[in-house]
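Participant: Please find entry.txt (compact mmCIF, C-alpha atoms and all ligand atoms) on the next line:
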# COMPACT_ATOMS: atom_id res chain seq x y z
CA MET S 1 12.77 -3.91 4.29
CA ARG S 2 14.53 -0.95 5.86
CA PHE S 3 17.93 -1.62 7.49
CA ILE S 4 19.79 0.71 9.84
CA SER S 5 23.46 0.00 10.64
CA LEU S 6 25.28 1.61 13.55
CA GLU S 7 28.86 1.33 14.77
CA THR S 8 27.95 1.18 18.41
CA VAL S 9 24.88 1.72 20.56
CA ASP S 10 23.84 0.91 24.14
CA SER S 11 21.38 -1.75 22.94
CA THR S 12 19.70 -2.20 19.56
CA ASN S 13 16.47 -3.07 21.43
CA ALA S 14 16.71 0.22 23.35
CA GLU S 15 17.42 2.14 20.12
CA ALA S 16 14.48 0.52 18.31
CA LYS S 17 12.22 1.41 21.25
CA ARG S 18 13.42 5.02 21.16
CA LEU S 19 12.52 5.19 17.45
CA ALA S 20 9.08 3.73 18.21
CA GLU S 21 8.62 6.35 20.95
CA GLN S 22 9.34 8.98 18.27
CA GLY S 23 6.54 7.53 16.13
CA ASP S 24 8.50 5.24 13.78
CA PHE S 25 6.67 1.92 14.04
CA GLY S 26 8.70 0.11 11.41
CA PRO S 27 9.02 -2.37 10.03
CA PHE S 28 12.79 -1.98 10.12
CA TRP S 29 15.86 -3.84 11.37
CA ILE S 30 18.60 -2.06 13.22
CA ARG S 31 22.02 -3.55 13.91
CA ALA S 32 25.22 -2.40 15.57
CA ASP S 33 28.81 -3.64 15.39
CA SER S 34 28.91 -3.57 19.20
CA GLN S 35 26.64 -2.74 22.12
CA SER S 36 27.76 -1.05 25.35
CA ALA S 37 24.75 -2.32 27.35
CA GLY S 38 23.49 -5.41 25.50
CA ARG S 39 20.60 -6.97 27.41
CA GLY S 40 19.57 -10.61 27.73
CA ARG S 41 16.48 -12.22 29.20
CA ARG S 42 15.71 -11.85 32.92
CA GLY S 43 17.90 -8.75 33.20
CA ARG S 44 21.06 -10.63 32.26
CA GLU S 45 23.85 -8.94 30.36
CA TRP S 46 24.51 -9.93 26.72
CA THR S 47 28.20 -9.67 25.89
CA SER S 48 28.36 -7.58 22.71
CA LYS S 49 31.85 -7.32 21.27
CA THR S 50 32.41 -6.70 17.54
CA GLY S 51 32.23 -9.79 15.34
CA ASN S 52 28.78 -11.10 16.28
CA LEU S 53 25.34 -10.04 15.07
CA PHE S 54 23.36 -7.73 17.37
CA CYS S 55 20.08 -6.67 15.81
CA SER S 56 16.47 -5.76 16.52
CA GLY S 57 13.44 -5.85 14.26
CA LEU S 58 10.68 -3.35 15.00
CA TYR S 59 7.20 -4.20 13.75
CA PRO S 60 3.72 -2.86 14.41
CA HIS S 61 1.45 -5.52 15.91
CA ASP S 62 -2.26 -5.80 16.57
CA GLY S 63 -2.10 -6.59 20.27
CA ASN S 64 -2.88 -10.33 20.21
CA VAL S 65 -0.81 -11.39 23.25
CA HIS S 66 -0.50 -15.04 22.24
CA GLN S 67 0.80 -14.06 18.80
CA LEU S 68 3.21 -11.61 20.37
CA ALA S 69 4.79 -14.33 22.53
CA GLN S 70 4.80 -16.70 19.55
CA MET S 71 7.03 -14.28 17.62
CA SER S 72 9.96 -15.72 19.56
CA PHE S 73 9.27 -19.12 17.92
CA VAL S 74 9.16 -17.30 14.57
CA ALA S 75 12.57 -15.78 15.35
CA ALA S 76 13.99 -19.16 16.40
CA LEU S 77 12.86 -20.71 13.10
CA ALA S 78 14.34 -17.78 11.17
CA LEU S 79 17.64 -18.21 13.02
CA ALA S 80 17.71 -21.96 12.33
CA GLU S 81 17.12 -21.36 8.60
CA THR S 82 19.81 -18.65 8.56
CA LEU S 83 22.36 -20.95 10.21
CA GLU S 84 21.43 -23.67 7.72
CA ARG S 85 22.99 -21.57 4.95
CA TYR S 86 26.35 -21.82 6.66
CA VAL S 87 26.65 -24.98 8.77
CA PRO S 88 25.54 -28.62 8.41
CA LYS S 89 21.81 -28.88 9.11
CA ASP S 90 22.12 -31.80 11.51
CA LEU S 91 24.04 -29.60 13.98
CA ILE S 92 21.14 -27.17 14.40
CA SER S 93 18.42 -27.71 16.98
CA LEU S 94 15.88 -25.61 18.87
CA LYS S 95 15.50 -25.55 22.64
CA TRP S 96 12.35 -24.30 24.33
CA PRO S 97 11.41 -21.55 24.47
CA ASN S 98 13.63 -19.73 22.02
CA ASP S 99 17.23 -20.91 22.00
CA VAL S 100 19.00 -22.05 18.86
CA LEU S 101 21.75 -24.60 19.44
CA LEU S 102 24.70 -25.72 17.34
CA GLY S 103 25.99 -29.12 18.40
CA GLY S 104 23.83 -28.77 21.52
CA GLN S 105 25.37 -25.44 22.57
CA LYS S 106 23.70 -22.01 22.75
CA THR S 107 24.47 -19.89 19.71
CA SER S 108 21.95 -17.08 19.91
CA GLY S 109 19.50 -15.25 22.13
CA ILE S 110 16.12 -13.67 21.54
CA LEU S 111 14.67 -10.80 23.58
CA LEU S 112 11.10 -9.80 22.76
CA GLU S 113 9.72 -6.50 24.02
CA SER S 114 6.61 -4.51 23.20
CA GLY S 115 4.96 -1.17 23.84
CA GLN S 116 2.43 1.32 22.60
CA LYS S 117 2.51 4.91 21.38
CA HIS S 118 -0.45 6.95 20.08
CA HIS S 119 -2.73 3.83 20.09
CA GLN S 120 -0.19 2.00 17.92
CA LYS S 121 1.19 -1.19 19.45
CA TRP S 122 4.67 -2.28 18.41
CA MET S 123 7.08 -5.09 19.18
CA VAL S 124 10.85 -5.34 19.14
CA ILE S 125 12.44 -8.69 18.43
CA GLY S 126 16.04 -8.46 19.57
CA ILE S 127 18.43 -11.12 18.34
CA GLY S 128 22.04 -11.80 19.22
CA LEU S 129 23.78 -14.40 17.07
CA ASN S 130 27.30 -15.56 17.91
CA LEU S 131 29.17 -15.52 14.61
CA THR S 132 32.88 -15.34 15.40
CA HIS S 133 33.12 -15.68 19.19
CA HIS S 134 31.10 -16.65 22.25
CA PRO S 135 31.29 -15.85 25.95
CA GLU S 136 32.95 -18.32 28.33
CA GLY S 137 31.59 -19.44 31.66
CA THR S 138 27.90 -19.07 30.82
CA GLU S 139 25.26 -21.17 32.58
CA PHE S 140 24.34 -22.89 29.31
CA PRO S 141 27.48 -23.86 27.34
CA ALA S 142 27.83 -21.56 24.31
CA THR S 143 29.37 -21.70 20.86
CA HIS S 144 29.57 -19.59 17.67
CA MET S 145 28.76 -20.18 14.00
CA LEU S 146 32.26 -19.92 12.53
CA ALA S 147 33.43 -22.87 14.67
CA HIS S 148 30.96 -25.12 12.82
CA ILE S 149 31.50 -24.03 9.21
CA LEU S 150 33.23 -26.82 7.31
CA ALA S 151 36.84 -26.03 6.39
CA ALA S 152 36.11 -26.82 2.73
CA ASP S 153 33.33 -24.21 2.71
CA LEU S 154 35.69 -21.59 4.14
CA SER S 155 38.53 -22.15 1.68
CA GLY S 156 36.60 -22.51 -1.59
CA PRO S 157 36.72 -19.90 -4.39
CA GLU S 158 33.69 -18.16 -2.82
CA PRO S 159 34.19 -18.57 0.92
CA ILE S 160 30.88 -19.16 2.65
CA MET S 161 31.46 -16.78 5.58
CA THR S 162 29.89 -13.47 4.66
CA GLY S 163 29.62 -10.16 6.47
CA VAL S 164 27.25 -9.46 9.32
CA GLU S 165 24.93 -7.49 6.99
CA ALA S 166 24.43 -10.54 4.75
CA VAL S 167 23.55 -12.70 7.74
CA LEU S 168 21.02 -10.08 8.87
CA ALA S 169 19.50 -9.86 5.37
CA ILE S 170 18.85 -13.62 5.41
CA LEU S 171 17.55 -13.53 8.98
CA ALA S 172 15.14 -10.65 8.29
CA ASN S 173 13.86 -12.43 5.18
CA ARG S 174 13.23 -15.71 7.05
CA PHE S 175 11.65 -13.81 9.95
CA ASP S 176 9.21 -12.08 7.58
CA TYR S 177 8.37 -15.42 5.95
CA TRP S 178 7.48 -17.16 9.23
CA ARG S 179 5.82 -14.03 10.68
CA HIS S 180 3.49 -13.98 7.67
CA ILE S 181 2.65 -17.67 8.27
CA LEU S 182 1.86 -16.93 11.93
CA LEU S 183 -0.34 -13.94 11.08
CA THR S 184 -2.25 -15.73 8.30
CA LYS S 185 -2.38 -19.38 9.45
CA GLY S 186 -1.92 -19.20 13.22
CA PHE S 187 0.51 -21.02 15.47
CA GLU S 188 -0.05 -24.60 14.28
CA PRO S 189 2.39 -24.58 11.32
CA ILE S 190 4.91 -22.65 13.42
CA GLY S 191 4.64 -25.19 16.24
CA GLN S 192 5.04 -28.06 13.78
CA ALA S 193 8.11 -26.57 12.10
CA TRP S 194 9.59 -25.73 15.49
CA THR S 195 8.90 -29.23 16.91
CA SER S 196 10.53 -30.93 13.92
CA ARG S 197 13.79 -29.19 14.89
CA ALA S 198 13.36 -29.50 18.67
CA HIS S 199 16.20 -30.54 20.95
CA ASN S 200 15.55 -33.62 23.16
CA LEU S 201 11.76 -33.51 22.75
CA PRO S 202 10.09 -35.65 24.01
CA GLY S 203 12.53 -36.35 26.82
CA PRO S 204 13.49 -35.76 30.44
CA VAL S 205 13.56 -32.16 31.60
CA MET S 206 14.30 -30.09 34.69
CA VAL S 207 12.19 -26.94 34.98
CA ARG S 208 13.38 -24.00 37.05
CA LEU S 209 10.72 -21.41 37.89
CA PRO S 210 11.21 -18.42 40.21
CA GLN S 211 9.64 -20.28 43.20
CA GLU S 212 10.25 -23.97 42.43
CA THR S 213 12.32 -26.49 40.52
CA PHE S 214 11.01 -29.88 39.38
CA THR S 215 11.73 -32.67 36.91
CA GLY S 216 9.47 -34.52 34.51
CA GLU S 217 9.05 -35.64 30.92
CA ALA S 218 8.76 -32.84 28.32
CA LEU S 219 6.04 -33.94 25.91
CA GLY S 220 5.90 -31.12 23.36
CA LEU S 221 4.19 -27.77 22.75
CA ASP S 222 0.58 -26.96 23.59
CA ALA S 223 -1.59 -25.06 21.08
CA ASN S 224 -0.04 -21.74 22.09
CA GLY S 225 3.60 -22.74 22.48
CA ALA S 226 3.73 -23.56 26.21
CA LEU S 227 5.89 -26.60 27.07
CA ARG S 228 3.80 -29.59 28.23
CA VAL S 229 5.55 -31.47 31.03
CA ARG S 230 4.35 -34.70 32.65
CA LEU S 231 5.38 -34.77 36.30
CA GLU S 232 6.43 -37.94 38.08
CA ASN S 233 2.94 -38.22 39.67
CA GLY S 234 1.38 -38.21 36.20
CA THR S 235 -0.09 -34.69 36.20
CA ILE S 236 0.54 -32.49 33.18
CA ARG S 237 1.82 -28.93 33.64
CA ASP S 238 2.03 -26.34 30.92
CA ILE S 239 5.11 -24.16 31.37
CA HIS S 240 4.73 -20.66 29.95
CA ALA S 241 8.07 -19.17 31.03
CA GLY S 242 11.15 -20.39 32.87
CA ASP S 243 14.54 -21.98 32.43
CA VAL S 244 14.48 -25.59 31.30
CA PHE S 245 17.34 -28.07 31.21
CA PHE S 246 16.86 -31.06 28.90
CA GLY S 247 18.48 -34.43 29.36
CA THR S 248 19.72 -35.78 32.65
CA SER S 249 22.11 -33.02 33.70
CA GLN S 250 22.10 -29.21 33.70
CA ASP S 251 24.70 -29.27 30.92
CA ASP S 252 22.06 -30.46 28.48
C1 LIG A 1 18.95 -14.10 25.86
O1 LIG A 1 19.15 -13.79 27.05
O2 LIG A 1 19.09 -15.26 25.46
C2 LIG A 1 18.50 -13.02 24.89
C3 LIG A 1 19.65 -12.18 24.40
C4 LIG A 1 19.25 -11.13 23.36
C5 LIG A 1 20.43 -10.29 22.92
C6 LIG A 1 20.09 -9.36 21.78
S1 LIG A 1 21.53 -8.63 21.05
C7 LIG A 1 20.53 -7.54 20.13
C8 LIG A 1 19.41 -7.09 21.05
N1 LIG A 1 19.82 -5.95 21.84
C9 LIG A 1 19.90 -6.25 23.16
O3 LIG A 1 20.25 -5.46 24.06
N2 LIG A 1 19.55 -7.54 23.35
C10 LIG A 1 19.18 -8.19 22.11
Represent the supplied structure as structure tokens.
Ligand code: BTN

Facilitator:
Amino acid sequence: MRFISLETVDSTNAEAKRLAEQGDFGPFWIRADSQSAGRGRRGREWTSKTGNLFCSGLYPHDGNVHQLAQMSFVAALALAETLERYVPKDLISLKWPNDVLLGGQKTSGILLESGQKHHQKWMVIGIGLNLTHHPEGTEFPATHMLAHILAADLSGPEPIMTGVEAVLAILANRFDYWRHILLTKGFEPIGQAWTSRAHNLPGPVMVRLPQETFTGEALGLDANGALRVRLENGTIRDIHAGDVFFGTSQDD
């Protein structure tokens, strides 16, 4: 795997896209110590001060739209397995569609983008992982990895906390592993692995879409990764995108 490290950049997703526009279709991972215009989902800002991981993987892809969207589940699994090297496994859970939680709090973000140049389709999987700090006052309560590393693991002869590059090396390796499974075996094993780590699933959920908000019972994933929700009147709705709040309050 090719790795590119920068001190600062506007956004690693934007930089990866610029390289794709110049004809470099990867695969590669690019990271920066800080970003001046880090971007989150739905046009939100992603606070990007030094100390956390800001990276983007650029890969060619064959244009299968379902598989493209499913890459965010691949990234969530890769993040969970990366965190598992550092923190107790029972703290880690996955929240639909692509959040990774530590002790129930948001620890990372995934921003998937795609494009085409000279008949070659490509995708950028942008990942922000809170390692040493997290923003305050966010809609979903947030945390960072260092806060969950056991004191004994930090003070041993080989302290467990490693540099950002080492975290990225593990993440890229786990991403490639699960990406290969998706491309060769389809979504089923990805959905199973994801579900086994899922947060509050099955369980009560509030779904917020651009035009409506409703509550119901989240049942699990459909064959493509949509969230199946049973409404109070018994009908089933498959949610393909939106903000979901698990449990009985927005804090969940
Ligand atoms: C989210 O809103 O949850 C997704 C956040 C994604 C942030 C990462 S940081 C690295 C990459 N570059 C960006 O500008 N965004 C993504």

Participant: All residues within 6 Å of ligand LIG 1 (chain A) are required, counting only C-alpha atoms and all ligand atoms; please report them as a PyMOL selection string.

Facilitator: chain S and resi 11-13+38-41+46+54-56+109-111+126-128

Participant: So how many Å separate atom CA of S:Ala218 and atom CA of S:Arg179, to one decimal?

Facilitator: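 For atom CA of S:Ala218 relative to atom CA of S:Arg179, the distance reads 26.0 Å.
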
Participant: Pull the neighbourhood of (0.1, -8.9, 12.3) for me: all residues within 12 Å in file coordinates, counting all atoms listed in the file, as a PDB file with C-alpha atoms, in the coordinates of the input.

Facilitator:
ATOM      1  CA  PRO S  27       9.020  -2.370  10.030  1.00  0.00           C
ATOM      2  CA  TYR S  59       7.200  -4.200  13.750  1.00  0.00           C
ATOM      3  CA  PRO S  60       3.720  -2.860  14.410  1.00  0.00           C
ATOM      4  CA  HIS S  61       1.450  -5.520  15.910  1.00  0.00           C
ATOM      5  CA  ASP S  62      -2.260  -5.800  16.570  1.00  0.00           C
ATOM      6  CA  GLY S  63      -2.100  -6.590  20.270  1.00  0.00           C
ATOM      7  CA  ASN S  64      -2.880 -10.330  20.210  1.00  0.00           C
ATOM      8  CA  VAL S  65      -0.810 -11.390  23.250  1.00  0.00           C
ATOM      9  CA  HIS S  66      -0.500 -15.040  22.240  1.00  0.00           C
ATOM     10  CA  GLN S  67       0.800 -14.060  18.800  1.00  0.00           C
ATOM     11  CA  LEU S  68       3.210 -11.610  20.370  1.00  0.00           C
ATOM     12  CA  GLN S  70       4.800 -16.700  19.550  1.00  0.00           C
ATOM     13  CA  MET S  71       7.030 -14.280  17.620  1.00  0.00           C
ATOM     14  CA  LYS S 121       1.190  -1.190  19.450  1.00  0.00           C
ATOM     15  CA  TRP S 122       4.670  -2.280  18.410  1.00  0.00           C
ATOM     16  CA  MET S 123       7.080  -5.090  19.180  1.00  0.00           C
ATOM     17  CA  ASP S 176       9.210 -12.080   7.580  1.00  0.00           C
ATOM     18  CA  TRP S 178       7.480 -17.160   9.230  1.00  0.00           C
ATOM     19  CA  ARG S 179       5.820 -14.030  10.680  1.00  0.00           C
ATOM     20  CA  HIS S 180       3.490 -13.980   7.670  1.00  0.00           C
ATOM     21  CA  ILE S 181       2.650 -17.670   8.270  1.00  0.00           C
ATOM     22  CA  LEU S 182       1.860 -16.930  11.930  1.00  0.00           C
ATOM     23  CA  LEU S 183      -0.340 -13.940  11.080  1.00  0.00           C
ATOM     24  CA  THR S 184      -2.250 -15.730   8.300  1.00  0.00           C
ATOM     25  CA  LYS S 185      -2.380 -19.380   9.450  1.00  0.00           C
ATOM     26  CA  GLY S 186      -1.920 -19.200  13.220  1.00  0.00           C
TER      27      GLY S 186
END

Participant: Using all atoms listed in the file, find each residue in stretch 93-181 of chain S having at least one atom no more than 9 Å away from stretch 188-201 of chain S; report its shortest atom-to-atom pair and that distance in Å (one decimal), rows by chain then rising number, as JSON lines.

Facilitator:
{"residue": "S:Ser93", "atom": "CA", "partner": "S:Arg197", "partner_atom": "CA", "distance": 5.3}
{"residue": "S:Leu94", "atom": "CA", "partner": "S:Ala198", "partner_atom": "CA", "distance": 4.6}
{"residue": "S:Lys95", "atom": "CA", "partner": "S:His199", "partner_atom": "CA", "distance": 5.3}
{"residue": "S:Trp96", "atom": "CA", "partner": "S:Ala198", "partner_atom": "CA", "distance": 7.8}
{"residue": "S:Leu101", "atom": "CA", "partner": "S:His199", "partner_atom": "CA", "distance": 8.3}
{"residue": "S:Gly104", "atom": "CA", "partner": "S:His199", "partner_atom": "CA", "distance": 7.9}
{"residue": "S:Trp178", "atom": "CA", "partner": "S:Ile190", "partner_atom": "CA", "distance": 7.4}
{"residue": "S:Ile181", "atom": "CA", "partner": "S:Ile190", "partner_atom": "CA", "distance": 7.5}

Participant: Please determine, counting all atoms listed in the file, which residue among S:Val87, S:Ala226, S:Ala142, S:Thr215 has the shortest atom-to-atom distance to S:Met161.

Facilitator: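 Residue with the minimum atom-to-atom distance to S:Met161: S:Val87.
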
Participant: Between S:Phe187, S:Phe140, S:Phe245, S:Phe175, which has the minimum distance to S:Asp222 (counting all atoms listed in the file)?

Facilitator: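 Of S:Phe187, S:Phe140, S:Phe245, S:Phe175, the one nearest S:Asp222, counting all atoms listed in the file, is S:Phe187.
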
Participant: Do you have the atom CA of S:Leu219-atom CA of S:Pro202 distance handy?

Facilitator: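 It comes out at 4.8 Å.
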